[in-house]
Amino acid sequence: MARIPVALAQRLRPPRRPALGIDRPYLVGKVLVALDGQVVLLEAPAGFGKTELLAQVHARLKADGGQIGWLTLPDEPIDTAELAVEIAYAFGFSSIDRAVERPLETVLDMLATIPARRLVLFLDNLHPGVQQPVAKLLAALPDAMRLVVAARDHSVIPLSRLRMRGLVSELKAADFAFSRSEARRLLDGLTGAELEEFLTLCEGWPAIVGLAASRLRGGISGEERLAVLSGNHADFAAFLDEELLSALPPPILKLLDVGACLDEVPPELAGELAGLSPEEVRQAFVDLQPLAASLPSRPGWFALLPLLRSLLLQRVGEAQLRHRHTRAAAWFAAAGQIEKAVRYAADAGDFAFAANTIRAAGGVGLFLRAGYTVLKRLMQGLPADVVHDSPGLTLCGALVLAKEGQIHSARQILEELKTLAREGQLHEVPEAVIIHIDSLFDVYEDSHFEDEQVDWLERRVRSHRLRDTWERGWLHNHLCIAHTRRGLLRQAAAHAAKALECYREEGAHYAQAFMLIHLALVNLLGGRLTVATRYGREAEHMIQTTQWSDENLLSIARIPMAETMFRQGHVIEAASALEVAMPVTAAGEGWVDVFSRGYTTLARCRRLLDGGEAALEVVEAAKAVAEDRGLPRLDLSLDTLRVEILTNERRFEAASDWLARLPDPLDDTLWPVRRERRDAMIAAARLTLRRGSYQTARDALTRFVETVEDQDDGLTILCAEILLVEAVHKCGEGEAALGHLVAAIDKAMPENLIEPFSSEGEALKGVVRAIVRQQGLSAFSAAATEFVNRIIAVDEDGSFRSKIGILSPREGDVLALLARDLSNKEIARELDIGEPTVKFHVKNLFAKLGVGRRAMAVTVGRTLGLLH
């Protein structure tokens with residue numbers, strides 16, 4: 001018997017399992033299933049756990065009594081004959097003399113004598129030096145033989161023939177990367193945030209996770225722990241040097257050095273810096289995957305694995321890094337990638353180039369078309385003196401301040417620039433841009449919306465000389481805001497639609513998103529919730545796809561969406577959305593209507609969910625925003641909201657005190673705009689009604705509805721109509737109360753407006769029940785009856801009480817037993833009540849359903865959906 005050398009004997013069995021290895025049954029199962037084919041290829045860089053997985057599968061098959069062989073291929077090249085002999089050894093043919101050369105076919109014939117349905121050969125460490133003999137093995141592979149191969153490099157063994165037959169299965173690096181739960185088993189001492197950050201850094205690379213676990217298990221200093229979690233530990237560098245970088249040729253190493261200096265790598269730029277052609281760069285990055293990954297957001301570009309980039313970047317000298325950033329800035333500027341050009345110029349310390357690039361790109365005009373976040377990123381790296389020396393950059397800086405909520409500082413800077421413009425010293429910035437930004441600040445400050453300015457905007461937008469699409473867009477934009485402020489919602493919607501059309505023609509996504517938000521808001525106020533939702537979703541989608549980093553813009557978009565949810569009875573969902581959106585909006589961009597709608601809806605949600613005090617806390621938080629930004633109209637709106645909350649909490653004295661502090665709602669000269677006055681009139685009427693002055697409330701609400709009926713203020717009119725139902729009924733006018741209820745339902749039902757009814761609480765529900773009892777359900781259509789039932793059955797917080805509706809729970813029970821054709825005596829026995837009580841419930845049931853016979857009651861109840 002020939003003696004097998006020790007080195008070869010070690011390669012004929014799986015290596016010892018790592019101390020920190022973890023079982024991966026999902027991957028084991030995947031390989032076992034793949035053995036129904038013929039070849040399983042595991043391809044990933046060093047440290048992804050290929051060998052360990054092979055060993056786990058090997059152990060599983062061995063335990064099941066399978067005929068298996070293991071061969072770790074040597075690091076040096078071997079020929080086909082040597083491979084054949086080693087395969088024979090792997091399957092137990094130890095008597096073969098290594099000195100006698102045997103053809104591969106002969107060895108395969110020997111393996112065919114093994115009495116087994118299937119032979120499985122594990123080949124670990126496939127590399128270029130053994131690709132030729134392995135290719136010959138594949139060409140001659142018997143049907144009964146299965147091959148499981150692990151390779152570090154991009155494999156070039158010929159698999160096309162087998163792939164065509166569906167006999168090849170492949171596992172790549174992404175399959176081997178540790179999931180969050182697997183990493184948690186090794187890094188159980190990390191917080192959730194630390195774990196997420198570390199996995200983002202190494203993208204689940206098993207060896208890196210294992211190295212981190214080994215270090216973190218011991219008692220290490222805070223400094224070393226920080227080095228581990230930031231990916232800068234010496235163990236990681238040593239692993240990459242030994243297992244990856246040492247095997248790469250110099251041109252590829254230089255390419256990696258270049259890639260480390262760039263967060264996103266265009267092949268053309270990388271080729272210039274590394275001395276390679278773009279095609280060579282692309283192929284190199286493909287071969288380096290997953291250490292370099294394609295960018296879905298920028299097709300054809302690449303980015304290095306964050307951990308690899310961080311370690312390589314430490315080795316780049318400061319002068320070399322500055323030189324590369326300078327060349328990158330010039331390249332991106334020439335390619336029209338302004339944001340990146342400015343950033344790399346600033347990183348290189350070439351602030352003059354950065355400033356000139358911003359000016360050349362249009363300065364503040366860049367924001368108007370591309371958005372606030374773009375401008376903010378452009379300005380971040382510029383020193384204050386560079387900004388101050390350029391009026392254009394100074395205006396950009398003022399705009400950034402305004403967008404971050406620092407409107408007073410922004411206004412001060414703008415006024416200084418306007419002074420320079422009047423003195424003829426502001427040649428760098430066009431007059432139209434100054435006018436636009438000035439008007440924009442007016443919106444944030446809620447100022448200068450007098451008739452004279454609105455008339456100027458109207459004349460300007462009607463000018464036949466105005467051919468600039470962009471200027472027409474912002475004129476319609478500001479007119480939309482002005483008319484929304486005044487409560488002229490039809491005009492506001494028309495101007496918003498025209499502005500959106502202009503911005504679409506310009507291709508300005510940022511401006512389009514704002515106009516979609518305006519359209520959502522205006523249609524919401526008009527009571528058209530379906531249309532508002534469509535515009536809101538379109539705005540949200542546009543922001544997420546084109547302005548994804550602008551959290552403030554996304555928060556503003558979600559405010560009308562949240563109010564829509566609230567108005568349709570989804571109180572908890574609306575509160576959750578606003579709890580996230582309002583702090584972001586309060587700390588950044590916003591105008592009065594946005595703050596007013598957001599805080600009013602949030603306060604109403606909090607009252608329904610947590611009570612009046614929670615709602616008043618929201619009011620106080622909103623008051624701080626009004627004071628900080630100097631917005632008296634918002635302050636006025638919040639005082640009106642406070643009256644509403646206190647009234648609904650039946651704290652009438654406090655509500656009356658706050659109402660007395662407001663301007664007289666009947667005197668329109670005391671109110672800045674009609675919309676806030678209308679809200680105050682409704683709040684005053686509600687308080688009057690709840691305090692028992694029914695006739696006074698009835699008269700006030702009737703005058704209100706007659707006054708605003710021609711206005712496109714659907715929500716306010718609906719609210720007045722609902723309060724009229726209660727006021728008129730309390731005055732003893734049953735028929736008139738029914739008419740107002742039907743009118744309110746007709747307005748609310750198409751848009752599923754539940755909240756305006758449910759928020760009025762049990763007082764209104766009692767009135768609706770009384771109307772139904774007096775008039776009968778025959779006074780309503782089937783659809784209106786279902787809506788009335790929902791009005792009564794929905795709690796203030798939006799939850800549905802299935803057993804409480806038009807019929808009381810007991811009346812519902814009686815109707816159900818009538819449907820079973822039971823007599824009064826049988827019903828009494830079923831419900832354990834007296835027969836006179838049954839007669840009483842039947843009488844009430846007949847009155848509500850507007851019928852006089854038992855069979856008719858069952859038919860009507862079934863038609864109206866009252867029988868379950």
# chains A, B, ... in the order shown; residues from 1 in each chain; ligands from 1
call {"tool": "select_by_dssp", "arguments": {"residues": "segment 381-453 of chain A", "states": "alpha helix (DSSP H)", "output": "JSON, numbers by chain"}}
result
{"A": [384, 385, 386, 387, 388, 391, 392, 393, 394, 395, 396, 397, 398, 399, 400, 401, 402, 403, 407, 408, 409, 410, 411, 412, 413, 414, 415, 416, 417, 418, 419, 420, 421, 422, 431, 432, 433, 434, 435, 436, 437, 438, 439, 440, 441, 442, 443, 444, 445, 451, 452, 453]}
call {"tool": "residues_around", "arguments": {"residues": "segment 699-706 of chain A", "least_positions_apart": "3", "cutoff": "9 Å", "atoms": "only C-alpha atoms", "output": "mmCIF file with N, CA, C and O atoms, in the first residue's frame"}}
result
data_model
loop_
_atom_site.group_PDB
_atom_site.id
_atom_site.type_symbol
_atom_site.label_atom_id
_atom_site.label_comp_id
_atom_site.auth_asym_id
_atom_site.auth_seq_id
_atom_site.Cartn_x
_atom_site.Cartn_y
_atom_site.Cartn_z
ATOM 1 N N ARG A 678 -63.863 82.308 9.735
ATOM 2 C CA ARG A 678 -64.875 81.252 9.620
ATOM 3 C C ARG A 678 -64.697 80.206 10.717
ATOM 4 O O ARG A 678 -65.669 79.753 11.324
ATOM 5 N N MET A 681 -66.045 81.558 13.893
ATOM 6 C CA MET A 681 -67.508 81.585 13.900
ATOM 7 C C MET A 681 -68.063 80.197 14.243
ATOM 8 O O MET A 681 -69.029 80.074 15.011
ATOM 9 N N ILE A 682 -67.457 79.153 13.675
ATOM 10 C CA ILE A 682 -67.897 77.789 13.977
ATOM 11 C C ILE A 682 -67.634 77.467 15.451
ATOM 12 O O ILE A 682 -68.488 76.886 16.138
ATOM 13 N N ALA A 685 -70.196 79.244 17.594
ATOM 14 C CA ALA A 685 -71.516 78.627 17.472
ATOM 15 C C ALA A 685 -71.581 77.311 18.242
ATOM 16 O O ALA A 685 -72.592 77.004 18.894
ATOM 17 N N TYR A 694 -79.874 77.243 22.145
ATOM 18 C CA TYR A 694 -80.099 76.562 20.878
ATOM 19 C C TYR A 694 -80.559 77.516 19.780
ATOM 20 O O TYR A 694 -80.092 77.427 18.630
ATOM 21 N N GLN A 695 -81.474 78.427 20.083
ATOM 22 C CA GLN A 695 -81.988 79.328 19.068
ATOM 23 C C GLN A 695 -80.893 80.271 18.562
ATOM 24 O O GLN A 695 -80.762 80.519 17.365
ATOM 25 N N THR A 696 -80.087 80.789 19.510
ATOM 26 C CA THR A 696 -78.990 81.684 19.109
ATOM 27 C C THR A 696 -78.002 80.946 18.203
ATOM 28 O O THR A 696 -77.548 81.480 17.179
ATOM 29 N N GLU A 709 -72.020 79.532 1.402
ATOM 30 C CA GLU A 709 -72.442 78.414 0.549
ATOM 31 C C GLU A 709 -71.789 78.456 -0.820
ATOM 32 O O GLU A 709 -71.515 77.429 -1.439
ATOM 33 N N ASP A 710 -71.509 79.661 -1.335
ATOM 34 C CA ASP A 710 -70.935 79.783 -2.672
ATOM 35 C C ASP A 710 -69.418 79.647 -2.661
ATOM 36 O O ASP A 710 -68.773 79.711 -3.716
ATOM 37 N N ILE A 717 -68.089 74.234 5.745
ATOM 38 C CA ILE A 717 -69.537 74.216 5.503
ATOM 39 C C ILE A 717 -70.147 72.933 6.063
ATOM 40 O O ILE A 717 -71.228 72.954 6.674
ATOM 41 N N ALA A 720 -70.535 73.227 9.814
ATOM 42 C CA ALA A 720 -71.678 74.069 10.162
ATOM 43 C C ALA A 720 -72.994 73.325 9.960
ATOM 44 O O ALA A 720 -73.917 73.410 10.792
ATOM 45 N N GLU A 721 -73.095 72.575 8.875
ATOM 46 C CA GLU A 721 -74.323 71.825 8.582
ATOM 47 C C GLU A 721 -74.569 70.768 9.668
ATOM 48 O O GLU A 721 -75.713 70.555 10.097
ATOM 49 N N LEU A 723 -73.551 70.886 12.852
ATOM 50 C CA LEU A 723 -73.984 71.556 14.076
ATOM 51 C C LEU A 723 -75.431 72.051 13.948
ATOM 52 O O LEU A 723 -76.177 72.072 14.943
ATOM 53 N N LEU A 724 -75.826 72.420 12.727
ATOM 54 C CA LEU A 724 -77.211 72.844 12.508
ATOM 55 C C LEU A 724 -78.200 71.706 12.774
ATOM 56 O O LEU A 724 -79.326 71.946 13.239
ATOM 57 N N ALA A 727 -78.646 71.871 16.490
ATOM 58 C CA ALA A 727 -79.289 73.104 16.942
ATOM 59 C C ALA A 727 -80.770 73.140 16.548
ATOM 60 O O ALA A 727 -81.644 73.467 17.361
#
call {"tool": "residues_around", "arguments": {"residues": "Lys418 of chain A", "least_positions_apart": "4", "cutoff": "12 Å", "atoms": "only C-alpha atoms", "output": "ChimeraX atom specification"}}
result
/A:391,394-395,411-414,422-427,429-435,437-438
call {"tool": "residues_around", "arguments": {"residues": "Leu159 of chain A", "least_positions_apart": "6", "cutoff": "10 Å", "atoms": "only C-alpha atoms", "output": "PyMOL selection string"}}
result
chain A and resi 39+41+135+138-139+167-168
call {"tool": "residues_around", "arguments": {"residues": "Arg677 of chain A", "least_positions_apart": "3", "cutoff": "6 Å", "atoms": "only C-alpha atoms", "output": "list in words"}}
result
Pro665, Arg674 and Ala680 of chain A
call {"tool": "write_last_selection", "arguments": {"atoms": "N, CA, C and O atoms", "output": "CSV table (one decimal), in the first residue's frame"}}
result
chain,number,residue,atom,x,y,z
A,665,PRO,N,-65.9,87.6,16.0
A,665,PRO,CA,-66.1,86.8,14.7
A,665,PRO,C,-67.1,87.4,13.7
A,665,PRO,O,-67.0,87.2,12.5
A,674,ARG,N,-60.3,85.6,5.9
A,674,ARG,CA,-61.6,85.1,6.2
A,674,ARG,C,-61.6,83.7,6.7
A,674,ARG,O,-62.5,83.3,7.4
A,680,ALA,N,-63.4,80.6,13.6
A,680,ALA,CA,-63.8,81.2,14.9
A,680,ALA,C,-65.4,81.3,15.0
A,680,ALA,O,-65.9,81.1,16.1
call {"tool": "closest_residue", "arguments": {"among": "A:Tyr503, A:Tyr26, A:Phe846, A:Trp591", "to": "Glu445 of chain A", "atoms": "only C-alpha atoms"}}
result
A:Trp591
call {"tool": "atom_distance", "arguments": {"atom1": "atom CA of Ala354 of chain A", "atom2": "atom CA of Leu382 of chain A"}}
result
7.8 Å
call {"tool": "residues_around", "arguments": {"residues": "Ala770 of chain A", "least_positions_apart": "6", "cutoff": "10 Å", "atoms": "only C-alpha atoms", "output": "list in words"}}
result
His729, Gly734, Leu764, Gly776, Ile806 and Lys848 of chain A
call {"tool": "write_last_selection", "arguments": {"atoms": "N, CA, C and O atoms", "output": "compact mmCIF listing (two decimals), in the first residue's frame"}}
result
# COMPACT_ATOMS: atom_id res chain seq x y z
N HIS A 729 -82.76 70.62 15.76
CA HIS A 729 -83.53 69.60 16.47
C HIS A 729 -83.82 70.03 17.90
O HIS A 729 -84.92 69.81 18.42
N GLY A 734 -88.20 69.09 13.93
CA GLY A 734 -87.75 67.76 13.51
C GLY A 734 -87.56 67.63 12.03
O GLY A 734 -86.56 67.06 11.56
N LEU A 764 -74.33 64.79 19.40
CA LEU A 764 -74.86 64.66 18.03
C LEU A 764 -75.45 63.27 17.82
O LEU A 764 -76.50 63.13 17.19
N GLY A 776 -88.07 57.74 11.03
CA GLY A 776 -87.95 56.43 10.42
C GLY A 776 -86.87 56.38 9.35
O GLY A 776 -86.55 57.40 8.73
N ILE A 806 -77.61 52.49 14.57
CA ILE A 806 -78.95 53.06 14.52
C ILE A 806 -79.85 52.37 15.53
O ILE A 806 -80.60 52.99 16.26
N LYS A 848 -88.17 53.33 14.08
CA LYS A 848 -86.89 53.64 13.44
C LYS A 848 -86.86 53.16 11.99
O LYS A 848 -86.31 53.85 11.11
